[in-house]
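Quick look at my_file_10.txt (compact mmCIF, C-alpha atoms and all ligand atoms):
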```txt
# COMPACT_ATOMS: atom_id res chain seq x y z
CA MET I 1 20.11 10.51 6.53
CA ARG I 2 17.06 10.65 8.79
CA VAL I 3 13.86 9.01 7.51
CA VAL I 4 10.51 9.06 9.31
CA VAL I 5 8.18 6.13 8.54
CA VAL I 6 4.58 7.07 9.37
CA GLY I 7 2.66 3.82 9.80
CA ALA I 8 5.84 2.03 10.90
CA SER I 9 3.99 -0.71 12.78
CA GLY I 10 1.95 -1.83 9.75
CA THR I 11 2.50 -4.51 7.10
CA MET I 12 4.47 -2.21 4.78
CA GLY I 13 5.80 0.13 7.46
CA SER I 14 7.57 -2.60 9.45
CA LYS I 15 9.16 -3.95 6.28
CA ALA I 16 10.25 -0.47 5.14
CA VAL I 17 11.89 0.12 8.53
CA LYS I 18 13.83 -3.14 8.11
CA TYR I 19 15.21 -2.17 4.66
CA LEU I 20 15.97 1.43 5.65
CA GLU I 21 17.96 0.19 8.64
CA ARG I 22 19.75 -2.33 6.43
CA ASP I 23 20.71 0.60 4.19
CA GLY I 24 22.15 2.44 7.21
CA ARG I 25 19.47 5.15 7.58
CA ASP I 26 18.56 6.82 10.85
CA VAL I 27 14.93 5.67 11.09
CA VAL I 28 12.16 7.25 13.19
CA GLU I 29 9.24 4.85 13.64
CA ALA I 30 5.98 6.79 13.83
CA SER I 31 2.49 5.45 14.45
CA LYS I 32 -0.21 5.88 17.07
CA LYS I 33 1.65 3.28 19.14
CA THR I 34 4.69 5.61 19.33
CA GLY I 35 2.56 8.69 20.14
CA VAL I 36 2.31 10.03 16.58
CA ASN I 37 -1.20 10.50 15.20
CA ALA I 38 -1.36 11.65 11.59
CA PHE I 39 -5.14 12.21 11.85
CA THR I 40 -5.04 14.55 14.89
CA GLY I 41 -1.54 15.87 14.18
CA GLN I 42 -0.31 14.82 17.64
CA GLY I 43 3.46 14.25 17.80
CA LEU I 44 4.12 15.06 14.11
CA ASP I 45 6.29 18.14 14.65
CA GLU I 46 8.52 16.31 17.13
CA ALA I 47 8.83 13.26 14.86
CA PHE I 48 9.65 15.34 11.76
CA ASP I 49 12.38 17.39 13.45
CA SER I 50 15.61 17.12 11.35
CA ALA I 51 13.94 14.66 8.95
CA ASP I 52 15.33 14.39 5.41
CA ALA I 53 12.56 12.13 4.10
CA ILE I 54 9.03 11.18 5.21
CA ILE I 55 7.43 7.92 4.10
CA ASP I 56 3.64 7.79 4.54
CA VAL I 57 2.43 4.19 4.76
CA THR I 58 -0.51 4.85 7.06
CA ASN I 59 -3.77 3.10 6.42
CA PHE I 60 -7.39 3.50 7.37
CA GLY I 61 -8.59 0.53 9.40
CA SER I 62 -11.94 -0.25 7.90
CA PHE I 63 -11.57 -1.04 4.20
CA GLY I 64 -14.42 0.23 2.07
CA SER I 65 -15.89 2.52 4.72
CA GLY I 66 -16.92 6.09 3.89
CA ASP I 67 -14.76 7.51 6.68
CA ALA I 68 -11.63 6.67 4.69
CA LEU I 69 -12.00 9.98 2.85
CA GLU I 70 -12.01 11.95 6.09
CA PHE I 71 -8.97 9.98 7.30
CA PHE I 72 -6.74 10.32 4.22
CA LYS I 73 -7.72 13.98 3.69
CA GLN I 74 -7.04 15.05 7.27
CA ALA I 75 -3.97 12.84 7.81
CA GLY I 76 -2.52 13.89 4.44
CA THR I 77 -3.06 17.59 5.22
CA ASN I 78 -1.44 17.27 8.66
CA LEU I 79 1.54 15.28 7.33
CA LEU I 80 2.18 17.69 4.46
CA THR I 81 1.81 20.79 6.69
CA SER I 82 4.36 19.43 9.13
CA ALA I 83 6.68 18.26 6.33
CA ARG I 84 6.64 21.77 4.84
CA LYS I 85 7.34 23.35 8.24
CA HIS I 86 10.42 21.16 8.59
CA ASN I 87 11.66 21.70 5.01
CA VAL I 88 11.60 17.98 4.34
CA ARG I 89 13.63 17.18 1.22
CA HIS I 90 11.54 14.20 0.03
CA TYR I 91 7.97 13.11 0.81
CA LEU I 92 6.99 9.61 -0.29
CA SER I 93 3.58 7.99 -0.12
CA LEU I 94 2.30 4.54 -1.04
CA SER I 95 -0.73 4.28 -3.32
CA VAL I 96 -2.35 1.68 -5.53
CA VAL I 97 -1.83 0.79 -9.22
CA GLY I 98 -5.03 1.53 -11.16
CA VAL I 99 -6.49 3.66 -8.34
CA GLU I 100 -8.10 6.03 -10.87
CA SER I 101 -10.31 3.18 -12.11
CA LEU I 102 -11.47 2.27 -8.59
CA VAL I 103 -13.08 5.55 -7.50
CA GLU I 104 -16.52 3.91 -7.21
CA ASN I 105 -15.23 2.62 -3.86
CA ASP I 106 -14.84 5.12 -0.96
CA TYR I 107 -11.45 3.77 0.11
CA PHE I 108 -9.82 4.06 -3.32
CA ARG I 109 -11.42 7.47 -3.93
CA ALA I 110 -9.78 8.57 -0.68
CA LYS I 111 -6.40 7.23 -1.89
CA LEU I 112 -6.73 9.35 -5.04
CA VAL I 113 -7.50 12.42 -2.90
CA GLN I 114 -4.40 11.60 -0.83
CA GLU I 115 -2.32 11.62 -4.04
CA ASN I 116 -3.89 14.91 -5.20
CA LEU I 117 -3.02 16.61 -1.89
CA ILE I 118 0.62 15.60 -2.36
CA ARG I 119 0.75 16.80 -5.97
CA ALA I 120 -0.84 20.12 -5.00
CA SER I 121 1.45 20.67 -2.01
CA GLY I 122 4.51 21.73 -3.99
CA ILE I 123 6.64 19.56 -1.68
CA PRO I 124 9.27 17.46 -3.51
CA HIS I 125 7.68 14.03 -3.58
CA THR I 126 7.44 10.55 -5.03
CA ILE I 127 4.08 8.78 -5.22
CA ILE I 128 4.64 5.04 -5.32
CA ARG I 129 1.81 2.98 -6.72
CA SER I 130 2.04 -0.72 -5.93
CA THR I 131 -0.06 -3.62 -7.10
CA GLN I 132 -1.63 -5.87 -4.43
CA PHE I 133 0.87 -7.29 -1.92
CA PHE I 134 0.99 -11.11 -1.87
CA GLU I 135 0.09 -10.70 1.82
CA PHE I 136 -3.24 -9.14 0.75
CA LEU I 137 -4.49 -11.92 -1.58
CA ASN I 138 -5.77 -13.94 1.36
CA SER I 139 -8.12 -11.04 2.28
CA ILE I 140 -9.33 -10.68 -1.32
CA VAL I 141 -10.20 -14.38 -1.41
CA ASN I 142 -11.85 -14.47 2.02
CA THR I 143 -13.96 -11.35 1.47
CA SER I 144 -15.19 -12.93 -1.79
CA ALA I 145 -16.74 -15.90 0.02
CA ASP I 146 -20.51 -16.02 -0.20
CA ASP I 147 -22.57 -19.00 1.01
CA GLY I 148 -19.36 -21.08 1.23
CA ILE I 149 -18.43 -20.37 -2.40
CA ILE I 150 -15.55 -18.05 -3.30
CA ARG I 151 -16.93 -15.86 -6.09
CA LEU I 152 -14.20 -13.95 -7.84
CA PRO I 153 -14.31 -11.34 -10.58
CA SER I 154 -12.66 -12.26 -13.87
CA LEU I 155 -9.67 -10.02 -13.33
CA LEU I 156 -5.95 -9.95 -14.02
CA LEU I 157 -3.67 -9.09 -11.09
CA GLN I 158 0.10 -8.67 -10.96
CA PRO I 159 0.72 -8.99 -7.21
CA VAL I 160 4.09 -8.41 -5.62
CA ALA I 161 5.93 -9.47 -2.46
CA GLY I 162 5.58 -6.81 0.26
CA ASP I 163 9.31 -7.17 0.96
CA GLU I 164 10.20 -6.20 -2.60
CA VAL I 165 7.98 -3.10 -2.38
CA ALA I 166 9.57 -2.15 0.95
CA ALA I 167 13.12 -2.56 -0.38
CA TRP I 168 12.23 -0.36 -3.34
CA ILE I 169 10.64 2.33 -1.12
CA ALA I 170 13.82 2.38 1.00
CA LYS I 171 15.90 2.84 -2.15
CA LEU I 172 13.67 5.61 -3.55
CA ALA I 173 13.76 7.51 -0.24
CA ALA I 174 17.49 8.05 -0.67
CA GLN I 175 17.15 9.23 -4.27
CA GLU I 176 16.04 12.58 -5.65
CA PRO I 177 12.25 13.12 -5.56
CA GLN I 178 10.60 12.09 -8.84
CA ASN I 179 7.70 14.57 -8.47
CA SER I 180 5.54 12.02 -10.25
CA ILE I 181 4.08 8.54 -9.91
CA VAL I 182 6.29 5.46 -10.05
CA GLU I 183 4.80 1.97 -10.21
CA ILE I 184 5.86 -1.41 -8.88
CA GLY I 185 4.31 -4.80 -9.57
CA GLY I 186 5.16 -8.48 -9.41
CA PRO I 187 7.04 -10.47 -12.07
CA GLU I 188 3.91 -11.87 -13.75
CA SER I 189 0.23 -11.15 -14.17
CA ALA I 190 -2.29 -13.91 -13.63
CA ASP I 191 -6.01 -14.43 -13.43
CA LEU I 192 -7.27 -13.85 -9.90
CA LEU I 193 -8.92 -17.30 -10.06
CA ASP I 194 -5.55 -18.98 -10.72
CA LEU I 195 -3.89 -17.06 -7.88
CA ALA I 196 -6.73 -18.08 -5.57
CA LYS I 197 -6.35 -21.73 -6.67
CA GLU I 198 -2.63 -21.61 -5.72
CA LEU I 199 -3.54 -20.23 -2.31
CA LEU I 200 -6.31 -22.71 -1.59
CA THR I 201 -4.25 -25.68 -2.80
CA ILE I 202 -1.27 -24.87 -0.62
CA THR I 203 -3.44 -24.14 2.44
CA GLU I 204 -5.54 -27.28 1.78
CA ASP I 205 -8.70 -25.19 1.63
CA THR I 206 -11.40 -27.15 -0.19
CA ARG I 207 -13.98 -24.38 -0.65
CA PRO I 208 -15.37 -24.24 -4.20
CA MET I 209 -14.51 -21.25 -6.37
CA ALA I 210 -16.17 -19.55 -9.30
CA SER I 211 -14.98 -16.77 -11.57
CA GLN I 212 -17.70 -14.65 -13.14
CA PRO I 213 -17.29 -11.56 -15.35
CA GLU I 214 -20.19 -9.82 -13.57
CA THR I 215 -18.68 -10.30 -10.07
CA ARG I 216 -17.35 -7.06 -8.63
CA TYR I 217 -14.00 -6.32 -6.99
CA PHE I 218 -14.76 -4.76 -3.57
CA GLY I 219 -18.10 -3.64 -5.03
CA ILE I 220 -16.50 -2.05 -8.10
CA SER I 221 -16.83 -2.97 -11.79
CA VAL I 222 -13.26 -3.07 -13.04
CA LEU I 223 -11.98 -3.78 -16.53
CA ARG I 224 -10.20 -7.15 -16.70
CA GLU I 225 -6.82 -5.42 -17.18
CA GLY I 226 -7.66 -2.38 -15.02
CA LEU I 227 -5.40 -3.29 -12.10
CA VAL I 228 -2.22 -4.31 -13.89
CA PRO I 229 0.49 -1.69 -14.48
CA LYS I 230 0.51 -0.16 -17.96
CA GLY I 231 3.54 2.12 -18.07
CA PRO I 232 7.19 1.60 -17.09
CA THR I 233 7.11 -0.47 -13.92
CA ALA I 234 9.67 -1.74 -11.43
CA LEU I 235 9.17 -5.49 -11.29
CA GLY I 236 9.68 -7.74 -8.30
CA LYS I 237 11.42 -11.07 -8.90
CA LEU I 238 9.59 -13.39 -6.52
CA THR I 239 6.57 -15.26 -7.94
CA TYR I 240 3.43 -15.85 -5.88
CA HIS I 241 4.05 -19.59 -6.02
CA ASP I 242 7.57 -19.25 -4.56
CA TRP I 243 6.44 -16.68 -1.99
CA LEU I 244 3.63 -18.98 -0.80
CA SER I 245 6.03 -21.92 -0.47
CA ARG I 246 8.59 -19.83 1.42
CA THR I 247 6.03 -18.19 3.69
CA LEU I 248 4.06 -21.29 4.61
CA TYR I 249 7.01 -23.66 4.99
CA ALA I 250 9.47 -21.17 6.56
N1 LIG T 1 -2.22 -4.06 0.95
C1 LIG T 1 -1.94 -3.87 -0.32
O1 LIG T 1 -1.94 -4.82 -1.13
C2 LIG T 1 -1.57 -2.49 -0.80
C3 LIG T 1 -1.22 -2.31 -2.14
C4 LIG T 1 -0.86 -1.04 -2.59
C5 LIG T 1 -0.84 0.03 -1.68
N2 LIG T 1 -1.18 -0.17 -0.38
C6 LIG T 1 -1.17 1.00 0.54
O2 LIG T 1 -0.13 0.82 1.48
C7 LIG T 1 -0.44 1.56 2.66
C8 LIG T 1 -0.06 0.72 3.89
O3 LIG T 1 -0.82 -0.47 3.87
P1 LIG T 1 -0.57 -1.61 4.96
O4 LIG T 1 -1.28 -2.81 4.46
O5 LIG T 1 0.87 -1.70 5.32
O6 LIG T 1 -1.39 -1.00 6.21
P2 LIG T 1 -1.52 -1.58 7.70
O7 LIG T 1 -0.83 -2.87 7.86
O8 LIG T 1 -2.98 -1.49 8.05
O9 LIG T 1 -0.73 -0.50 8.58
C9 LIG T 1 -1.21 0.79 8.75
C10 LIG T 1 -0.26 1.60 9.61
O10 LIG T 1 -0.82 2.91 9.77
C11 LIG T 1 -0.76 3.27 11.15
N3 LIG T 1 -1.80 4.24 11.43
C12 LIG T 1 -3.16 4.10 11.32
N4 LIG T 1 -3.77 5.25 11.68
C13 LIG T 1 -2.78 6.12 12.00
C14 LIG T 1 -2.77 7.46 12.46
N5 LIG T 1 -3.92 8.15 12.69
N6 LIG T 1 -1.59 8.06 12.70
C15 LIG T 1 -0.41 7.38 12.51
N7 LIG T 1 -0.35 6.11 12.08
C16 LIG T 1 -1.53 5.49 11.84
C17 LIG T 1 -0.94 1.94 11.89
O11 LIG T 1 -0.39 1.94 13.19
P3 LIG T 1 -1.13 2.39 14.55
O12 LIG T 1 -2.46 1.70 14.54
O13 LIG T 1 -0.23 2.06 15.68
O14 LIG T 1 -1.24 3.88 14.42
C18 LIG T 1 -0.06 1.04 11.02
O15 LIG T 1 1.30 1.23 11.38
C19 LIG T 1 -1.94 1.91 2.58
O16 LIG T 1 -2.10 3.31 2.40
C20 LIG T 1 -2.45 1.14 1.37
O17 LIG T 1 -3.43 1.84 0.63
C21 LIG T 1 -1.52 -1.39 0.08
```

Show me this structure written as structure tokens.
Amino acid sequence: MRVVVVGASGTMGSKAVKYLERDGRDVVEASKKTGVNAFTGQGLDEAFDSADAIIDVTNFGSFGSGDALEFFKQAGTNLLTSARKHNVRHYLSLSVVGVESLVENDYFRAKLVQENLIRASGIPHTIIRSTQFFEFLNSIVNTSADDGIIRLPSLLLQPVAGDEVAAWIAKLAAQEPQNSIVEIGGPESADLLDLAKELLTITEDTRPMASQPETRYFGISVLREGLVPKGPTALGKLTYHDWLSRTLYA
């Protein structure tokens, strides 16, 4: 079975390649570095030749920028057009749990448009919505620093190890398309402040922290439970505490 990973050099893409290869798939690694540009369409037809499944884990570089809409719209259109041309059996794309409540932000609005393009394409697909990767919590904390104080919204998160998401994507790619959304999250939900405390303690970061209901998440007002999965969800097993210990002391 031939699987093309678009965005193969990224955080999720490189992990997905690892699990697909472990499962014995014939993997094509596609990204700008390998001459495949989803935004311009360059190299897509060659990469998709004889593909059974396409996994889109591309990302737009500048989080929160208005150009994200242009990127996900154009890249999504190019990827789906080429997938249709090659009669791809299964098109998978990675999105975000709770994305519909984040549309105030350009990036998340663009992710919803990306999902809509897939649903409207008629191509057999699976949209995978993941909660925040453990690898991403560091960025959430650092972008919340203001005048040396980390100001966090009062928010519940249910983050998950990137490796567990990647293993699940690899498994789904070999299954029949779900033609719907499937969700994955971590084993437990926790207050963002408590997750940040774990991170700062283990990294011996002494910056003060504050959690305030009026503080926004990437500029967006989000309900306290808006980013945790609500329906049936695949759950990872690794806790943030254990992941931090393994990652930092590996
Ligand atoms: N981070 C999280 O917590 C989280 C949670 C849920 C969902 N997601 C979603 O997961 C997806 C992947 O995120 P990530 O953190 O793994 O991203 P990432 O590390 O930034 O990797 C992005 C990948 O996309 C490739 N890429 C960028 N522009 C491209 C283009 N024009 N054509 C082809 N490839 C291109 C990059 O490689 P080149 O630069 O070589 O092209 C890279 O391989 C995103 O769509 C994100 O919304 C992330």

Could you make a table, as CSV, of the residues of chain I that have an atom within 6 Å of an atom of ligand LIG 1 (chain T), each with its nearest atom pair and distance in Å to one decimal, counting only C-alpha atoms and all ligand atoms, in chain and number order?
```
residue,atom,partner,partner_atom,distance
I:Val6,CA,T:LIG1,N7,5.7
I:Gly7,CA,T:LIG1,O15,3.3
I:Ala8,CA,T:LIG1,O15,4.6
I:Ser9,CA,T:LIG1,O15,3.6
I:Gly10,CA,T:LIG1,O9,3.2
I:Thr11,CA,T:LIG1,O5,3.7
I:Met12,CA,T:LIG1,O5,3.7
I:Gly13,CA,T:LIG1,O5,5.7
I:Ser31,CA,T:LIG1,N7,3.8
I:Lys32,CA,T:LIG1,O14,3.5
I:Lys33,CA,T:LIG1,O13,4.1
I:Val36,CA,T:LIG1,C15,5.6
I:Asn37,CA,T:LIG1,N6,3.5
I:Ala38,CA,T:LIG1,N6,3.8
I:Phe39,CA,T:LIG1,N5,4.3
I:Val57,CA,T:LIG1,C8,4.4
I:Thr58,CA,T:LIG1,O10,3.3
I:Asn59,CA,T:LIG1,C9,4.2
I:Phe60,CA,T:LIG1,C12,5.8
I:Leu94,CA,T:LIG1,O2,5.1
I:Ser95,CA,T:LIG1,C5,4.6
I:Val96,CA,T:LIG1,C4,4.3
I:Ser130,CA,T:LIG1,C4,4.4
I:Thr131,CA,T:LIG1,C4,5.3
I:Gln132,CA,T:LIG1,O1,3.5
I:Phe133,CA,T:LIG1,O1,3.8
I:Phe136,CA,T:LIG1,O1,4.9
```

Using only C-alpha atoms, what table do you get, as a tab-separated table, when you list each residue of segment 125-148 of chain I with an atom no more than 12 Å from segment 42-54 of chain I, its nearest pair of atoms, and their distance in Å rounded to one decimal, rows by chain then rising number?
```
residue	atom	partner	partner_atom	distance
I:His125	CA	I:Ala53	CA	9.3
I:Thr126	CA	I:Ile54	CA	10.4
I:Ile127	CA	I:Ile54	CA	11.8
```

**Message:** Between I:Leu69, I:Ile169, I:Asp23, I:Lys85, which residue has the minimum interatomic distance to Asn105 of chain I, considering all atoms listed in the file?
**Reply:** I:Leu69

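Take the candidates I:Ala190, I:Leu137, I:Ala174, I:Leu117 and check each one against Arg25 of chain I using all atoms listed in the file; the shortest distance goes to I:Ala174.
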
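Proximity of I:Val97, I:Val103, I:Leu92, I:Leu193 to Leu156 of chain I, computed with all atoms listed in the file, is greatest for I:Leu193.
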
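Interatomic distance, atom CA of Gly226 of chain I against atom CA of Ile55 of chain I: 26.4 Å.
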
**Contacts of Asn179 of chain I within 12 Å, all atoms listed in the file, excl. fewer than 5 positions in-chain, as a PyMOL selection string** = chain I and resi 89-93+115+118-128+172

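Distances to Phe72 of chain I were evaluated for I:Asp56, I:Gly35, I:Ala110, I:Thr40 using all atoms listed in the file, and the minimum falls at I:Ala110.
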
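Point (2.9, -21.8, -5.0) has the following residues at most 9 Å away: Leu195, Glu198, Leu199, Thr201, Ile202, Thr239, Tyr240, His241, Asp242, Trp243, Leu244, Ser245 and Arg246 of chain I (atoms considered: only C-alpha atoms).
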
Quick one: what's the axis-aligned box for segment 154-165 of chain I, all listed atoms, 8 Å on every side, centre and edges in Å to one decimal, as lines of an AutoDock Vina configuration file?
```
center_x = -1.2
center_y = -7.7
center_z = -6.5
size_x = 38.9
size_y = 25.2
size_z = 31.0
```

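Computed from the coordinates, the atom CA of Asn138 of chain I to atom CA of Ser211 of chain I distance equals 16.1 Å.
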
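Atom CA of Ser154 of chain I is found 22.1 Å from atom CA of Gly231 of chain I.
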
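Between Glu21 of chain I and the residues I:Ala145, I:Leu235, I:Ala167, I:Met209, the shortest atom-to-atom distance, using all atoms listed in the file, involves I:Ala167.
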
Rebuild N, CA and C atoms on segment 82-117 of chain I, as a PDB file, in the frame of the given file?
```pdb
ATOM      1  N   SER I  82       3.197  19.590   8.259  1.00  0.00           N
ATOM      2  CA  SER I  82       4.360  19.430   9.130  1.00  0.00           C
ATOM      3  C   SER I  82       5.640  19.225   8.301  1.00  0.00           C
ATOM      4  N   ALA I  83       5.514  18.485   7.199  1.00  0.00           N
ATOM      5  CA  ALA I  83       6.680  18.260   6.330  1.00  0.00           C
ATOM      6  C   ALA I  83       7.187  19.597   5.765  1.00  0.00           C
ATOM      7  N   ARG I  84       6.244  20.473   5.387  1.00  0.00           N
ATOM      8  CA  ARG I  84       6.640  21.770   4.840  1.00  0.00           C
ATOM      9  C   ARG I  84       7.335  22.608   5.909  1.00  0.00           C
ATOM     10  N   LYS I  85       6.777  22.585   7.122  1.00  0.00           N
ATOM     11  CA  LYS I  85       7.340  23.350   8.240  1.00  0.00           C
ATOM     12  C   LYS I  85       8.790  22.945   8.503  1.00  0.00           C
ATOM     13  N   HIS I  86       9.072  21.677   8.289  1.00  0.00           N
ATOM     14  CA  HIS I  86      10.420  21.160   8.590  1.00  0.00           C
ATOM     15  C   HIS I  86      11.308  21.064   7.350  1.00  0.00           C
ATOM     16  N   ASN I  87      10.859  21.697   6.253  1.00  0.00           N
ATOM     17  CA  ASN I  87      11.660  21.700   5.010  1.00  0.00           C
ATOM     18  C   ASN I  87      12.142  20.313   4.611  1.00  0.00           C
ATOM     19  N   VAL I  88      11.235  19.366   4.685  1.00  0.00           N
ATOM     20  CA  VAL I  88      11.600  17.980   4.340  1.00  0.00           C
ATOM     21  C   VAL I  88      11.970  17.904   2.858  1.00  0.00           C
ATOM     22  N   ARG I  89      13.073  17.219   2.574  1.00  0.00           N
ATOM     23  CA  ARG I  89      13.630  17.180   1.220  1.00  0.00           C
ATOM     24  C   ARG I  89      12.838  16.260   0.286  1.00  0.00           C
ATOM     25  N   HIS I  90      12.201  15.214   0.867  1.00  0.00           N
ATOM     26  CA  HIS I  90      11.540  14.200   0.030  1.00  0.00           C
ATOM     27  C   HIS I  90      10.367  13.579   0.795  1.00  0.00           C
ATOM     28  N   TYR I  91       9.189  13.661   0.202  1.00  0.00           N
ATOM     29  CA  TYR I  91       7.970  13.110   0.810  1.00  0.00           C
ATOM     30  C   TYR I  91       7.486  11.961  -0.075  1.00  0.00           C
ATOM     31  N   LEU I  92       7.405  10.778   0.510  1.00  0.00           N
ATOM     32  CA  LEU I  92       6.990   9.610  -0.290  1.00  0.00           C
ATOM     33  C   LEU I  92       5.687   9.044   0.286  1.00  0.00           C
ATOM     34  N   SER I  93       4.839   8.561  -0.593  1.00  0.00           N
ATOM     35  CA  SER I  93       3.580   7.990  -0.120  1.00  0.00           C
ATOM     36  C   SER I  93       3.221   6.777  -0.974  1.00  0.00           C
ATOM     37  N   LEU I  94       2.618   5.792  -0.336  1.00  0.00           N
ATOM     38  CA  LEU I  94       2.300   4.540  -1.040  1.00  0.00           C
ATOM     39  C   LEU I  94       0.833   4.518  -1.472  1.00  0.00           C
ATOM     40  N   SER I  95       0.629   4.344  -2.766  1.00  0.00           N
ATOM     41  CA  SER I  95      -0.730   4.280  -3.320  1.00  0.00           C
ATOM     42  C   SER I  95      -0.905   2.971  -4.094  1.00  0.00           C
ATOM     43  N   VAL I  96      -1.911   2.940  -4.930  1.00  0.00           N
ATOM     44  CA  VAL I  96      -2.350   1.680  -5.530  1.00  0.00           C
ATOM     45  C   VAL I  96      -2.373   1.781  -7.056  1.00  0.00           C
ATOM     46  N   VAL I  97      -1.777   0.836  -7.743  1.00  0.00           N
ATOM     47  CA  VAL I  97      -1.830   0.790  -9.220  1.00  0.00           C
ATOM     48  C   VAL I  97      -3.294   0.719  -9.668  1.00  0.00           C
ATOM     49  N   GLY I  98      -3.660   1.559 -10.607  1.00  0.00           N
ATOM     50  CA  GLY I  98      -5.030   1.530 -11.160  1.00  0.00           C
ATOM     51  C   GLY I  98      -6.045   2.255 -10.292  1.00  0.00           C
ATOM     52  N   VAL I  99      -5.567   3.042  -9.302  1.00  0.00           N
ATOM     53  CA  VAL I  99      -6.490   3.660  -8.340  1.00  0.00           C
ATOM     54  C   VAL I  99      -7.533   4.543  -9.036  1.00  0.00           C
ATOM     55  N   GLU I 100      -7.160   5.134 -10.171  1.00  0.00           N
ATOM     56  CA  GLU I 100      -8.100   6.030 -10.870  1.00  0.00           C
ATOM     57  C   GLU I 100      -9.294   5.269 -11.429  1.00  0.00           C
ATOM     58  N   SER I 101      -9.157   3.922 -11.586  1.00  0.00           N
ATOM     59  CA  SER I 101     -10.310   3.180 -12.110  1.00  0.00           C
ATOM     60  C   SER I 101     -11.126   2.550 -10.975  1.00  0.00           C
ATOM     61  N   LEU I 102     -10.784   2.890  -9.725  1.00  0.00           N
ATOM     62  CA  LEU I 102     -11.470   2.270  -8.590  1.00  0.00           C
ATOM     63  C   LEU I 102     -12.283   3.274  -7.761  1.00  0.00           C
ATOM     64  N   VAL I 103     -12.503   4.477  -8.319  1.00  0.00           N
ATOM     65  CA  VAL I 103     -13.080   5.550  -7.500  1.00  0.00           C
ATOM     66  C   VAL I 103     -14.539   5.312  -7.083  1.00  0.00           C
ATOM     67  N   GLU I 104     -15.155   4.278  -7.632  1.00  0.00           N
ATOM     68  CA  GLU I 104     -16.520   3.910  -7.210  1.00  0.00           C
ATOM     69  C   GLU I 104     -16.519   3.506  -5.728  1.00  0.00           C
ATOM     70  N   ASN I 105     -15.357   3.074  -5.246  1.00  0.00           N
ATOM     71  CA  ASN I 105     -15.230   2.620  -3.860  1.00  0.00           C
ATOM     72  C   ASN I 105     -14.641   3.759  -3.005  1.00  0.00           C
ATOM     73  N   ASP I 106     -15.247   3.992  -1.817  1.00  0.00           N
ATOM     74  CA  ASP I 106     -14.840   5.120  -0.960  1.00  0.00           C
ATOM     75  C   ASP I 106     -13.353   5.077  -0.605  1.00  0.00           C
ATOM     76  N   TYR I 107     -12.851   3.885  -0.322  1.00  0.00           N
ATOM     77  CA  TYR I 107     -11.450   3.770   0.110  1.00  0.00           C
ATOM     78  C   TYR I 107     -10.503   4.228  -1.009  1.00  0.00           C
ATOM     79  N   PHE I 108     -10.738   3.726  -2.219  1.00  0.00           N
ATOM     80  CA  PHE I 108      -9.820   4.060  -3.320  1.00  0.00           C
ATOM     81  C   PHE I 108      -9.980   5.520  -3.749  1.00  0.00           C
ATOM     82  N   ARG I 109     -11.221   6.041  -3.628  1.00  0.00           N
ATOM     83  CA  ARG I 109     -11.420   7.470  -3.930  1.00  0.00           C
ATOM     84  C   ARG I 109     -10.577   8.305  -2.948  1.00  0.00           C
ATOM     85  N   ALA I 110     -10.570   7.858  -1.699  1.00  0.00           N
ATOM     86  CA  ALA I 110      -9.780   8.570  -0.680  1.00  0.00           C
ATOM     87  C   ALA I 110      -8.285   8.494  -0.990  1.00  0.00           C
ATOM     88  N   LYS I 111      -7.827   7.361  -1.537  1.00  0.00           N
ATOM     89  CA  LYS I 111      -6.400   7.230  -1.890  1.00  0.00           C
ATOM     90  C   LYS I 111      -6.048   8.209  -3.025  1.00  0.00           C
ATOM     91  N   LEU I 112      -6.987   8.413  -3.945  1.00  0.00           N
ATOM     92  CA  LEU I 112      -6.730   9.350  -5.040  1.00  0.00           C
ATOM     93  C   LEU I 112      -6.659  10.789  -4.497  1.00  0.00           C
ATOM     94  N   VAL I 113      -7.531  11.094  -3.536  1.00  0.00           N
ATOM     95  CA  VAL I 113      -7.500  12.420  -2.900  1.00  0.00           C
ATOM     96  C   VAL I 113      -6.158  12.600  -2.176  1.00  0.00           C
ATOM     97  N   GLN I 114      -5.698  11.546  -1.521  1.00  0.00           N
ATOM     98  CA  GLN I 114      -4.400  11.600  -0.830  1.00  0.00           C
ATOM     99  C   GLN I 114      -3.280  11.961  -1.833  1.00  0.00           C
ATOM    100  N   GLU I 115      -3.317  11.307  -2.991  1.00  0.00           N
ATOM    101  CA  GLU I 115      -2.320  11.620  -4.040  1.00  0.00           C
ATOM    102  C   GLU I 115      -2.437  13.075  -4.488  1.00  0.00           C
ATOM    103  N   ASN I 116      -3.684  13.540  -4.704  1.00  0.00           N
ATOM    104  CA  ASN I 116      -3.890  14.910  -5.200  1.00  0.00           C
ATOM    105  C   ASN I 116      -3.345  15.941  -4.211  1.00  0.00           C
ATOM    106  N   LEU I 117      -3.529  15.679  -2.910  1.00  0.00           N
ATOM    107  CA  LEU I 117      -3.020  16.610  -1.890  1.00  0.00           C
ATOM    108  C   LEU I 117      -1.502  16.725  -2.006  1.00  0.00           C
TER     109      LEU I 117
END
```
